[in-house]
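Content type TSV, C-alpha atoms, from the file run.tsv:
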chain	number	residue	atom	x	y	z
K	1	MET	CA	0.00	0.00	0.00
K	2	SER	CA	2.89	2.23	0.52
K	3	LYS	CA	2.97	2.69	-3.19
K	4	PHE	CA	0.08	5.12	-3.04
K	5	LYS	CA	1.37	7.14	-0.18
K	6	LYS	CA	1.81	10.74	-0.87
K	7	LYS	CA	5.29	12.02	-0.74
K	8	LYS	CA	5.43	14.09	2.28
K	9	SER	CA	8.63	15.90	1.71
K	10	GLY	CA	6.85	17.48	-1.24
K	11	ASP	CA	8.57	20.86	-1.86
K	12	LEU	CA	7.82	21.93	-5.38
K	13	PRO	CA	10.83	21.53	-7.59
K	14	ALA	CA	12.13	24.97	-8.74
K	15	ILE	CA	10.90	26.00	-12.17
K	16	SER	CA	13.66	25.81	-14.66
K	17	THR	CA	14.56	29.25	-16.00
K	18	ALA	CA	16.73	27.93	-18.76
K	19	SER	CA	14.18	28.81	-21.42
K	20	LEU	CA	13.60	32.36	-20.21
K	21	PRO	CA	16.14	33.95	-22.55
K	22	ASP	CA	14.46	32.22	-25.46
K	23	ILE	CA	11.12	33.65	-24.52
K	24	VAL	CA	12.64	37.09	-24.21
K	25	PHE	CA	14.25	36.81	-27.60
K	26	MET	CA	11.02	35.58	-29.14
K	27	LEU	CA	9.28	38.66	-27.80
K	28	LEU	CA	12.09	40.88	-29.03
K	29	PHE	CA	11.79	39.48	-32.54
K	30	PHE	CA	8.06	39.70	-32.51
K	31	PHE	CA	8.18	43.38	-31.68
K	32	MET	CA	11.04	44.05	-34.09
K	33	VAL	CA	9.10	42.56	-36.94
K	34	VAL	CA	5.76	44.17	-36.26
K	35	THR	CA	6.90	47.68	-35.39
K	36	VAL	CA	6.66	50.32	-38.09
K	37	LEU	CA	8.49	53.56	-37.58
K	38	ARG	CA	6.34	56.55	-38.31
K	39	ASP	CA	6.54	60.03	-36.94
K	40	SER	CA	3.17	61.46	-37.68
K	41	ASN	CA	-0.24	59.99	-37.87
K	42	LEU	CA	-1.64	60.27	-41.36
K	43	LEU	CA	-5.02	61.85	-41.66
K	44	VAL	CA	-5.06	61.99	-45.44
K	45	GLN	CA	-4.92	59.41	-48.17
K	46	ASN	CA	-1.39	59.19	-49.36
K	47	THR	CA	-0.69	57.22	-52.48
K	48	LEU	CA	2.40	58.80	-53.91
K	49	PRO	CA	2.79	59.24	-57.65
K	50	LYS	CA	5.55	57.36	-59.44
K	51	ALA	CA	8.71	58.85	-60.86
K	52	ASP	CA	12.17	57.60	-61.72
K	53	GLN	CA	14.45	60.65	-61.75
K	54	LEU	CA	14.93	60.72	-58.02
K	55	GLU	CA	17.12	62.35	-55.45
K	56	LYS	CA	17.42	61.44	-51.82
K	57	LEU	CA	16.07	63.50	-49.00
K	58	LYS	CA	18.13	64.52	-45.99
K	59	LYS	CA	15.78	63.82	-43.16
K	60	ASP	CA	17.34	65.95	-40.45
K	61	ARG	CA	16.66	69.15	-42.33
K	62	SER	CA	13.23	68.54	-43.68
K	63	VAL	CA	9.71	69.54	-42.85
K	64	TYR	CA	6.87	67.40	-44.11
K	65	ILE	CA	3.65	68.59	-45.64
K	66	TYR	CA	1.00	66.03	-46.46
K	67	ALA	CA	-1.91	66.72	-48.73
K	68	GLY	CA	-4.75	64.72	-50.16
K	69	LYS	CA	-8.31	63.75	-49.49
K	70	PRO	CA	-9.03	62.90	-45.86
K	71	SER	CA	-8.80	59.16	-45.15
K	72	SER	CA	-12.07	57.30	-45.30
K	73	ARG	CA	-12.65	57.34	-41.56
K	74	TYR	CA	-12.32	61.13	-41.43
K	75	GLN	CA	-14.43	61.83	-44.48
K	76	ASP	CA	-17.68	62.23	-42.54
K	77	LYS	CA	-16.13	64.93	-40.49
K	78	TYR	CA	-13.92	66.75	-42.96
K	79	GLY	CA	-15.52	66.09	-46.34
K	80	ASN	CA	-13.74	64.74	-49.36
K	81	GLN	CA	-11.98	67.81	-50.71
K	82	GLY	CA	-8.18	67.96	-50.75
K	83	LYS	CA	-6.74	68.96	-47.39
K	84	ILE	CA	-3.33	69.87	-46.03
K	85	GLN	CA	-1.80	68.16	-43.03
K	86	ILE	CA	1.23	69.44	-41.17
K	87	GLY	CA	2.37	67.60	-38.08
K	88	ASP	CA	-0.58	65.76	-36.64
K	89	LYS	CA	-3.44	67.97	-37.67
K	90	PHE	CA	-5.24	69.43	-40.62
K	91	THR	CA	-4.16	72.91	-41.52
K	92	ASP	CA	-5.99	75.52	-43.48
K	93	ILE	CA	-4.10	77.18	-46.31
K	94	THR	CA	-4.03	80.47	-44.38
K	95	ASN	CA	-2.43	78.73	-41.40
K	96	VAL	CA	0.28	77.01	-43.38
K	97	LYS	CA	2.79	79.76	-42.69
K	98	PHE	CA	2.32	79.56	-38.96
K	99	ALA	CA	2.46	75.77	-38.88
K	100	LEU	CA	5.59	75.72	-41.00
K	101	THR	CA	7.41	78.26	-38.90
K	102	GLU	CA	6.58	76.13	-35.91
K	103	ALA	CA	7.81	73.00	-37.63
K	104	ARG	CA	11.00	74.72	-38.65
K	105	GLU	CA	11.73	75.66	-35.07
K	106	GLY	CA	11.68	71.99	-34.20
K	107	LEU	CA	14.81	71.40	-36.27
K	108	ARG	CA	18.36	71.76	-35.09
K	109	PRO	CA	19.34	75.45	-35.09
K	110	GLU	CA	22.25	75.12	-37.47
K	111	LEU	CA	20.06	73.44	-40.04
K	112	GLN	CA	17.13	75.82	-39.91
K	113	ASP	CA	18.41	77.90	-42.81
K	114	LYS	CA	18.89	74.88	-45.00
K	115	VAL	CA	15.42	73.55	-44.43
K	116	MET	CA	13.90	71.52	-47.20
K	117	VAL	CA	10.19	71.07	-47.52
K	118	ALA	CA	9.10	67.58	-48.41
K	119	LEU	CA	5.72	67.47	-50.10
K	120	LYS	CA	3.93	64.19	-49.75
K	121	VAL	CA	0.92	64.63	-51.89
K	122	ASP	CA	-1.62	62.07	-52.95
K	123	GLU	CA	-1.70	61.43	-56.66
K	124	GLU	CA	-5.40	62.24	-56.92
K	125	THR	CA	-5.01	65.76	-55.57
K	126	ASN	CA	-5.46	68.75	-57.84
K	127	THR	CA	-2.41	70.75	-58.77
K	128	GLY	CA	-4.18	73.90	-57.60
K	129	LEU	CA	-3.79	72.93	-53.97
K	130	VAL	CA	-0.09	72.21	-54.47
K	131	SER	CA	0.51	75.54	-56.13
K	132	ASP	CA	-1.26	77.31	-53.27
K	133	ILE	CA	1.18	75.63	-50.90
K	134	LYS	CA	4.08	76.67	-53.10
K	135	GLN	CA	2.95	80.29	-53.03
K	136	GLU	CA	2.92	80.18	-49.24
K	137	LEU	CA	6.41	78.68	-49.25
K	138	ARG	CA	7.68	81.45	-51.48
K	139	ASP	CA	6.23	84.00	-49.07
K	140	LEU	CA	8.10	82.30	-46.24
K	141	ASN	CA	11.27	82.13	-48.29
K	142	MET	CA	11.50	78.36	-47.91
K	143	LEU	CA	12.45	77.72	-51.48
K	144	LYS	CA	13.90	74.25	-51.48
K	145	ILE	CA	11.23	71.69	-51.99
K	146	ILE	CA	11.14	68.06	-52.88
K	147	TYR	CA	8.14	66.22	-54.24
K	148	ILE	CA	8.28	62.83	-52.57
K	149	THR	CA	7.41	60.08	-55.01
K	150	SER	CA	7.58	56.33	-55.09
K	151	PRO	CA	10.01	54.76	-57.49
K	152	GLY	CA	8.50	53.45	-60.70
K	153	ASN	CA	7.93	54.39	-64.29
K	154	PRO	CA	5.30	57.12	-64.66
K	155	VAL	CA	4.58	56.37	-68.30
K	156	GLU	CA	3.47	52.83	-67.65
K	157	ASN	CA	0.49	53.54	-65.49
L	1	MET	CA	18.97	28.31	-28.66
L	2	ALA	CA	20.36	31.61	-27.48
L	3	ASP	CA	23.03	31.33	-30.16
L	4	ILE	CA	20.41	30.95	-32.82
L	5	ALA	CA	18.56	33.91	-31.42
L	6	PHE	CA	21.69	36.02	-31.56
L	7	LEU	CA	22.33	34.91	-35.09
L	8	LEU	CA	18.84	35.95	-36.09
L	9	LEU	CA	19.23	39.24	-34.25
L	10	ILE	CA	22.41	40.04	-36.08
L	11	PHE	CA	20.92	38.95	-39.38
L	12	PHE	CA	18.01	41.36	-38.94
L	13	LEU	CA	20.29	44.16	-37.79
L	14	VAL	CA	22.38	43.82	-40.92
L	15	THR	CA	19.61	43.46	-43.45
L	16	THR	CA	17.20	46.13	-42.24
L	17	THR	CA	17.49	49.50	-43.85
L	18	ILE	CA	15.42	52.41	-42.75
L	19	GLU	CA	13.79	53.51	-45.93
L	20	LYS	CA	14.64	56.98	-47.07
L	21	ASP	CA	12.19	59.12	-48.91
L	22	LYS	CA	13.10	59.98	-52.43
L	23	GLY	CA	11.68	62.50	-54.79
L	24	ILE	CA	12.13	65.23	-57.33
L	25	ALA	CA	13.93	68.21	-55.83
L	26	ARG	CA	13.11	71.68	-57.00
L	27	GLN	CA	14.09	75.22	-56.17
L	28	LEU	CA	11.21	77.68	-56.11
L	29	PRO	CA	11.77	81.14	-57.56
L	30	PRO	CA	12.18	83.78	-54.87
L	31	LYS	CA	9.30	86.14	-54.33
L	32	GLU	CA	10.19	89.40	-55.93
L	33	ASP	CA	8.48	91.41	-58.58
L	34	LEU	CA	10.58	91.71	-61.63
L	35	GLN	CA	10.31	95.17	-63.10
L	36	ASP	CA	10.95	94.06	-66.61
L	37	PRO	CA	10.85	90.34	-67.11
L	38	PRO	CA	13.44	89.17	-69.62
L	39	ILE	CA	12.08	88.76	-73.09
L	40	ILE	CA	12.45	85.23	-74.35
L	41	LYS	CA	12.29	84.57	-78.05
L	42	GLN	CA	9.44	82.37	-79.11
L	43	LYS	CA	11.81	79.81	-80.57
L	44	ASN	CA	13.68	79.46	-77.30
L	45	LEU	CA	10.50	78.65	-75.46
L	46	PHE	CA	9.06	75.15	-75.22
L	47	ILE	CA	5.54	75.37	-73.93
L	48	VAL	CA	3.92	72.40	-72.25
L	49	ARG	CA	0.30	72.81	-71.30
L	50	VAL	CA	-1.69	70.36	-69.25
L	51	ASN	CA	-5.45	70.72	-69.11
L	52	LYS	CA	-7.90	69.61	-66.47
L	53	ASP	CA	-8.40	66.25	-68.15
L	54	ASP	CA	-4.66	65.57	-67.97
L	55	GLN	CA	-4.12	66.03	-71.68
L	56	LEU	CA	-0.83	67.38	-72.92
L	57	LEU	CA	-0.43	70.17	-75.44
L	58	VAL	CA	3.20	70.57	-76.40
L	59	GLU	CA	4.08	73.47	-78.68
L	60	ASP	CA	0.43	73.60	-79.79
L	61	GLU	CA	0.30	69.92	-80.64
L	62	LEU	CA	-1.50	67.21	-78.78
L	63	MET	CA	1.03	64.72	-77.42
L	64	GLU	CA	1.17	61.57	-75.36
L	65	LEU	CA	3.24	61.49	-72.19
L	66	GLU	CA	5.70	58.93	-73.51
L	67	ASP	CA	6.70	61.21	-76.39
L	68	LEU	CA	7.35	64.20	-74.18
L	69	ARG	CA	10.86	63.22	-73.16
L	70	GLU	CA	11.95	62.78	-76.77
L	71	ALA	CA	10.43	66.11	-77.79
L	72	ALA	CA	12.09	67.95	-74.90
L	73	ILE	CA	15.47	66.41	-75.70
L	74	GLU	CA	15.14	67.44	-79.31
L	75	PHE	CA	14.25	70.98	-78.33
L	76	LEU	CA	17.10	71.38	-75.82
L	77	ASP	CA	19.67	69.78	-78.03
L	78	ASN	CA	18.76	71.69	-81.15
L	79	GLY	CA	21.48	74.35	-81.06
L	80	GLY	CA	19.92	76.43	-83.82
L	81	ALA	CA	22.29	79.40	-83.62
L	82	PRO	CA	24.37	79.58	-86.82
L	83	GLN	CA	27.99	78.48	-86.78
L	84	GLY	CA	30.34	81.36	-86.02
L	85	SER	CA	27.86	83.34	-83.93
L	86	PRO	CA	28.73	83.74	-80.23
L	87	GLU	CA	25.71	81.67	-79.29
L	88	TYR	CA	26.78	78.71	-81.37
L	89	CYS	CA	26.50	75.45	-79.48
L	90	ASN	CA	29.44	73.23	-80.33
L	91	PHE	CA	28.28	70.11	-78.54
L	92	CYS	CA	24.65	69.99	-79.58
L	93	GLN	CA	23.65	67.21	-81.89
L	94	GLY	CA	20.53	68.73	-83.41
L	95	GLY	CA	17.31	66.97	-84.24
L	96	PRO	CA	16.94	63.74	-86.19
L	97	ASP	CA	19.73	63.32	-88.76
L	98	GLY	CA	21.65	66.13	-87.10
L	99	VAL	CA	19.52	68.83	-88.66
L	100	ARG	CA	19.54	72.03	-86.62
L	101	SER	CA	16.24	73.71	-87.06
L	102	SER	CA	16.19	77.50	-87.05
L	103	ASP	CA	12.75	77.62	-85.40
L	104	SER	CA	13.84	75.72	-82.32
L	105	SER	CA	16.17	76.70	-79.47
L	106	ASP	CA	19.43	78.58	-80.16
L	107	ASN	CA	21.42	76.72	-77.54
L	108	PRO	CA	20.67	74.82	-74.32
L	109	GLU	CA	21.56	77.80	-72.21
L	110	LYS	CA	18.86	79.91	-73.81
L	111	ALA	CA	16.26	77.20	-73.97
L	112	VAL	CA	13.44	77.51	-71.47
L	113	ILE	CA	10.75	74.96	-70.84
L	114	SER	CA	7.54	76.44	-69.59
L	115	VAL	CA	4.89	74.29	-67.96
L	116	GLN	CA	1.37	75.60	-67.62
L	117	ASN	CA	-1.04	73.63	-65.53
L	118	ASP	CA	-4.69	73.93	-64.96
L	119	ARG	CA	-5.71	74.01	-61.31
L	120	LEU	CA	-7.64	70.81	-61.83
L	121	THR	CA	-4.76	68.87	-63.33
L	122	SER	CA	-4.10	65.81	-61.22
L	123	TYR	CA	-0.95	65.79	-59.14
L	124	LYS	CA	0.01	62.47	-60.67
L	125	MET	CA	0.08	64.01	-64.14
L	126	TYR	CA	1.97	67.02	-62.85
L	127	ILE	CA	4.68	64.81	-61.37
L	128	SER	CA	4.83	62.67	-64.50
L	129	VAL	CA	5.39	65.75	-66.65
L	130	GLN	CA	8.06	67.10	-64.31
L	131	ASN	CA	9.69	63.69	-64.23
L	132	GLU	CA	9.86	63.45	-68.01
L	133	LEU	CA	11.35	66.92	-68.31
L	134	VAL	CA	13.98	66.23	-65.66
L	135	ALA	CA	14.69	62.97	-67.46
L	136	ALA	CA	15.33	64.91	-70.68
L	137	TYR	CA	17.88	67.08	-68.90
L	138	ASN	CA	19.47	64.07	-67.23
L	139	PHE	CA	19.74	62.28	-70.55
L	140	LEU	CA	21.64	65.17	-72.12
L	141	ARG	CA	23.82	65.72	-69.08
L	142	ASN	CA	24.70	62.05	-69.00
L	143	ARG	CA	25.54	62.11	-72.67
L	144	GLU	CA	27.91	65.05	-72.31
L	145	SER	CA	29.61	63.81	-69.15
L	146	GLN	CA	30.08	60.43	-70.81
L	147	ARG	CA	31.72	62.13	-73.77
L	148	LEU	CA	33.92	64.50	-71.75
L	149	PHE	CA	34.80	62.53	-68.65
L	150	GLY	CA	33.71	58.98	-69.28
L	151	TRP	CA	31.16	58.68	-66.51
L	152	LYS	CA	27.47	59.31	-66.10
L	153	PHE	CA	26.36	62.58	-64.51
L	154	THR	CA	23.48	61.10	-62.51
L	155	GLU	CA	25.52	58.16	-61.21
L	156	VAL	CA	28.40	60.29	-59.96
L	157	LYS	CA	26.01	62.81	-58.43
L	158	ALA	CA	24.18	60.08	-56.53
L	159	ALA	CA	27.47	58.53	-55.39
L	160	ILE	CA	28.71	61.84	-54.00
L	161	GLU	CA	25.44	62.42	-52.19
L	162	GLU	CA	25.60	59.02	-50.58
L	163	GLY	CA	29.21	59.56	-49.64
L	164	ASN	CA	30.54	56.49	-51.41
L	165	PHE	CA	32.27	58.14	-54.33
L	166	ASN	CA	35.81	56.90	-54.68
L	167	GLY	CA	38.08	59.37	-56.34
L	168	ASN	CA	38.70	63.07	-56.14
L	169	GLU	CA	35.42	64.48	-54.92
L	170	ASP	CA	36.20	68.17	-55.43
L	171	ASP	CA	37.32	67.53	-58.93
L	172	ALA	CA	34.18	65.57	-59.70
L	173	GLN	CA	32.02	68.26	-58.11
L	174	GLU	CA	33.63	70.82	-60.38
L	175	LYS	CA	32.98	68.68	-63.41
L	176	LEU	CA	29.38	68.20	-62.35
L	177	GLU	CA	28.96	71.94	-62.21
L	178	ARG	CA	30.47	72.33	-65.62
L	179	ILE	CA	27.95	69.88	-67.05
L	180	GLN	CA	25.17	71.65	-65.24
L	181	GLN	CA	26.21	74.88	-66.87
L	182	MET	CA	26.13	73.28	-70.27
L	183	PHE	CA	22.54	72.22	-69.68
L	184	PRO	CA	21.11	74.50	-67.01
L	185	LEU	CA	17.74	73.35	-65.72
L	186	LYS	CA	15.44	76.09	-66.92
L	187	LEU	CA	11.98	74.93	-66.08
L	188	SER	CA	9.55	77.71	-65.59
L	189	GLU	CA	6.12	77.23	-64.14
L	190	ALA	CA	3.29	79.58	-64.81
L	191	GLU	CA	0.75	80.09	-62.09
L	192	PRO	CA	-2.00	77.67	-62.86
L	193	LYS	CA	-5.00	79.14	-64.52
L	194	GLY	CA	-8.37	77.76	-64.71
L	195	SER	CA	-11.67	76.73	-63.66
L	196	GLY	CA	-12.14	75.16	-60.27
L	197	THR	CA	-11.17	76.25	-56.82
L	198	ASN	CA	-8.92	73.36	-56.01
In structure tokens, write the structure found in this file.
Amino acid sequence: MSKFKKKKSGDLPAISTASLPDIVFMLLFFFMVVTVLRDSNLLVQNTLPKADQLEKLKKDRSVYIYAGKPSSRYQDKYGNQGKIQIGDKFTDITNVKFALTEAREGLRPELQDKVMVALKVDEETNTGLVSDIKQELRDLNMLKIIYITSPGNPVEN
Amino acid sequence: MADIAFLLLIFFLVTTTIEKDKGIARQLPPKEDLQDPPIIKQKNLFIVRVNKDDQLLVEDELMELEDLREAAIEFLDNGGAPQGSPEYCNFCQGGPDGVRSSDSSDNPEKAVISVQNDRLTSYKMYISVQNELVAAYNFLRNRESQRLFGWKFTEVKAAIEEGNFNGNEDDAQEKLERIQQMFPLKLSEAEPKGSGTN
């Protein structure tokens, strides 16, 4: 009968921690793979047009302007006309100057004179909106601009 | 197991690149009212119009986008000034069969491309047109740098920007500028006219 006796000196054996590093690494990889780096939350649709004569953008001296129709979940609130987004919010064309000055002050001081404005505009937008933005930029004397595009051949689409 | 994990970690570290944005860079004209705008001869002006339905009118002729690059190259490379005149272009190759037309540009330095958009032109079309025109300039610059120095303008420029140009950088920079002066990018943009608000 002694076979069925409970062991009385029954301290739980210590849980092996040998596999802990593996779990940690698994988590690390999981997060590494799923994370996407993005600095501002897009409120507009942003399918960039294609082009193949490209130059690279120096990120430390650039200010982004997004433009396009509001994304589908914001369309009830903001309509479906082309809109400008600077930073995290929609900006009216009259406020562009103010928003840009503010964005420029966020850059490193020695680079503020060399600021480059990166225009990320949806391909469906009208050119009129873009040229309004360009007029504002000329008023502000921020003359270097770059139209961000995605690589590809424009003739083929 | 930990070894494998480290291997993977290092593999990912090495292969990931943070994607850089690329695009077409442009310098806007400064805001100042010109008292008397320079007069440009009709033949030195290449007018590209885009209407609200994204149709192209190049020098008063309807054109498809894929023919624009060719037409722009022909215009820039025409070199119509007669031999012996101070404006004579000694590196231009003229139109088809080397014919230099007297109704097209005198030399690349004088040649101006003017783009006129409607406000309702789509941004996609606008970028495509700009891209084709920049491509025309790049084609000619590449041709000349290949002839003079044996390398391609765009390739060397990109290499210098990325910091992996091997060779004398100042010298190359100087040569790049020389090519740029041979074919200065003269793209003018009229304020868009037209119908809609935006």
With 7 Å as the cut-off and only C-alpha atoms counted, what is the closest atom pair between each nearby residue of chain K and chain L? Distances in Å to one decimal, ordered by chain and number, as a tab-separated table.
residue	atom	partner	partner_atom	distance
K:Pro21	CA	L:Ala2	CA	6.9
K:Asp22	CA	L:Ala2	CA	6.3
K:Phe25	CA	L:Ala5	CA	6.4
K:Pro49	CA	L:Lys124	CA	5.2
K:Ala51	CA	L:Asn131	CA	6.0
K:Gln53	CA	L:Ala135	CA	6.2
K:Leu54	CA	L:Gly23	CA	4.9
K:Glu55	CA	L:Gly23	CA	5.5
K:Lys56	CA	L:Lys22	CA	4.6
K:Leu57	CA	L:Lys22	CA	5.7
K:Glu123	CA	L:Lys124	CA	4.5
K:Glu124	CA	L:Ser122	CA	5.7
K:Thr125	CA	L:Tyr123	CA	5.4
K:Asn126	CA	L:Ser122	CA	4.7
K:Thr127	CA	L:Tyr123	CA	5.2
K:Gly128	CA	L:Arg119	CA	4.0
K:Leu129	CA	L:Asn198	CA	5.5
K:Arg138	CA	L:Lys31	CA	5.7
K:Asp139	CA	L:Lys31	CA	6.5
K:Asn141	CA	L:Pro30	CA	6.8
K:Leu143	CA	L:Leu28	CA	4.8
K:Lys144	CA	L:Gln27	CA	4.8
K:Ile145	CA	L:Arg26	CA	5.4
K:Ile146	CA	L:Ala25	CA	4.1
K:Tyr147	CA	L:Ile24	CA	5.1
K:Ile148	CA	L:Gly23	CA	4.1
K:Thr149	CA	L:Gly23	CA	4.9
K:Pro154	CA	L:Ser128	CA	5.6
K:Val155	CA	L:Glu66	CA	5.9
Once you have the residues from the selection above, write them out as a PDB file, in the coordinates of the input, restricted to C-alpha atoms.
ATOM      1  CA  PRO K  21      16.140  33.950 -22.550  1.00  0.00           C
ATOM      2  CA  ASP K  22      14.460  32.220 -25.460  1.00  0.00           C
ATOM      3  CA  PHE K  25      14.250  36.810 -27.600  1.00  0.00           C
ATOM      4  CA  PRO K  49       2.790  59.240 -57.650  1.00  0.00           C
ATOM      5  CA  ALA K  51       8.710  58.850 -60.860  1.00  0.00           C
ATOM      6  CA  GLN K  53      14.450  60.650 -61.750  1.00  0.00           C
ATOM      7  CA  LEU K  54      14.930  60.720 -58.020  1.00  0.00           C
ATOM      8  CA  GLU K  55      17.120  62.350 -55.450  1.00  0.00           C
ATOM      9  CA  LYS K  56      17.420  61.440 -51.820  1.00  0.00           C
ATOM     10  CA  LEU K  57      16.070  63.500 -49.000  1.00  0.00           C
ATOM     11  CA  GLU K 123      -1.700  61.430 -56.660  1.00  0.00           C
ATOM     12  CA  GLU K 124      -5.400  62.240 -56.920  1.00  0.00           C
ATOM     13  CA  THR K 125      -5.010  65.760 -55.570  1.00  0.00           C
ATOM     14  CA  ASN K 126      -5.460  68.750 -57.840  1.00  0.00           C
ATOM     15  CA  THR K 127      -2.410  70.750 -58.770  1.00  0.00           C
ATOM     16  CA  GLY K 128      -4.180  73.900 -57.600  1.00  0.00           C
ATOM     17  CA  LEU K 129      -3.790  72.930 -53.970  1.00  0.00           C
ATOM     18  CA  ARG K 138       7.680  81.450 -51.480  1.00  0.00           C
ATOM     19  CA  ASP K 139       6.230  84.000 -49.070  1.00  0.00           C
ATOM     20  CA  ASN K 141      11.270  82.130 -48.290  1.00  0.00           C
ATOM     21  CA  LEU K 143      12.450  77.720 -51.480  1.00  0.00           C
ATOM     22  CA  LYS K 144      13.900  74.250 -51.480  1.00  0.00           C
ATOM     23  CA  ILE K 145      11.230  71.690 -51.990  1.00  0.00           C
ATOM     24  CA  ILE K 146      11.140  68.060 -52.880  1.00  0.00           C
ATOM     25  CA  TYR K 147       8.140  66.220 -54.240  1.00  0.00           C
ATOM     26  CA  ILE K 148       8.280  62.830 -52.570  1.00  0.00           C
ATOM     27  CA  THR K 149       7.410  60.080 -55.010  1.00  0.00           C
ATOM     28  CA  PRO K 154       5.300  57.120 -64.660  1.00  0.00           C
ATOM     29  CA  VAL K 155       4.580  56.370 -68.300  1.00  0.00           C
TER      30      VAL K 155
END
*What is the distance between CA of Gln112 in chain K and CA of Ile133 in chain K, in Å to one decimal?*
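Value for the CA of Gln112 in chain K-CA of Ile133 in chain K distance: 19.4 Å.
Here CA of Ala103 in chain K and CA of Lys59 in chain K stand 13.4 Å from one another.
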*Compare L:Leu45, L:Leu140, L:Leu56, L:Ile40 by their minimum atom-to-atom distance to Gly94 in chain L, counting all atoms listed in the file, and give me the closest one.*
L:Leu140
*Grab the CA of Met32 in chain K to CA of Leu20 in chain K distance for me, in Å with one decimal place.*
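Result for CA of Met32 in chain K versus CA of Leu20 in chain K: 18.3 Å, one decimal.
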*Mind listing whatever residues come within 7 Å of the point (10.1, 68.2, -46.0)? Use all atoms listed in the file, file coordinates, and give them as a PyMOL selection string.*
chain K and resi 62-65+116-119+146
For range 145-161 of chain L, I'd like the enclosing box, axis-aligned and padded by 6 Å on every side, reported as lines of an AutoDock Vina configuration file with centre and edge lengths in Å to one decimal.
center_x = 29.1
center_y = 61.3
center_z = -63.0
size_x = 23.3
size_y = 18.3
size_z = 33.6
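Closest approach to Phe75 in chain L from the set L:Pro38, L:Gly98, L:Gly150, L:Pro108 is made by L:Pro108, with distances taken over all atoms listed in the file.
Taking only C-alpha atoms, the non-local environment of Gly82 in chain K within 7 Å (same-chain residues fewer than 2 positions away omitted) comprises Ala67, Gly68, Lys69, Asn80 and Thr125 of chain K.
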_Counting only C-alpha atoms, which residue out of K:Pro13, K:Ser72, K:Asn95, K:Phe29 sits closest to Ile10 in chain L?_
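Going through K:Pro13, K:Ser72, K:Asn95, K:Phe29 one by one, the smallest distance to Ile10 in chain L is for K:Phe29.
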*asked:* Restricting the calculation to only C-alpha atoms: of L:Gln180, L:Asn164, L:Gln173, L:Asn78, which residue gets closest to Phe91 in chain L?
replied: L:Asn78
*Nearest to Lys89 in chain K among K:Leu27, K:Val121, K:Leu43, K:Val115, with distances taken over all atoms listed in the file: which residue is it?*
K:Leu43
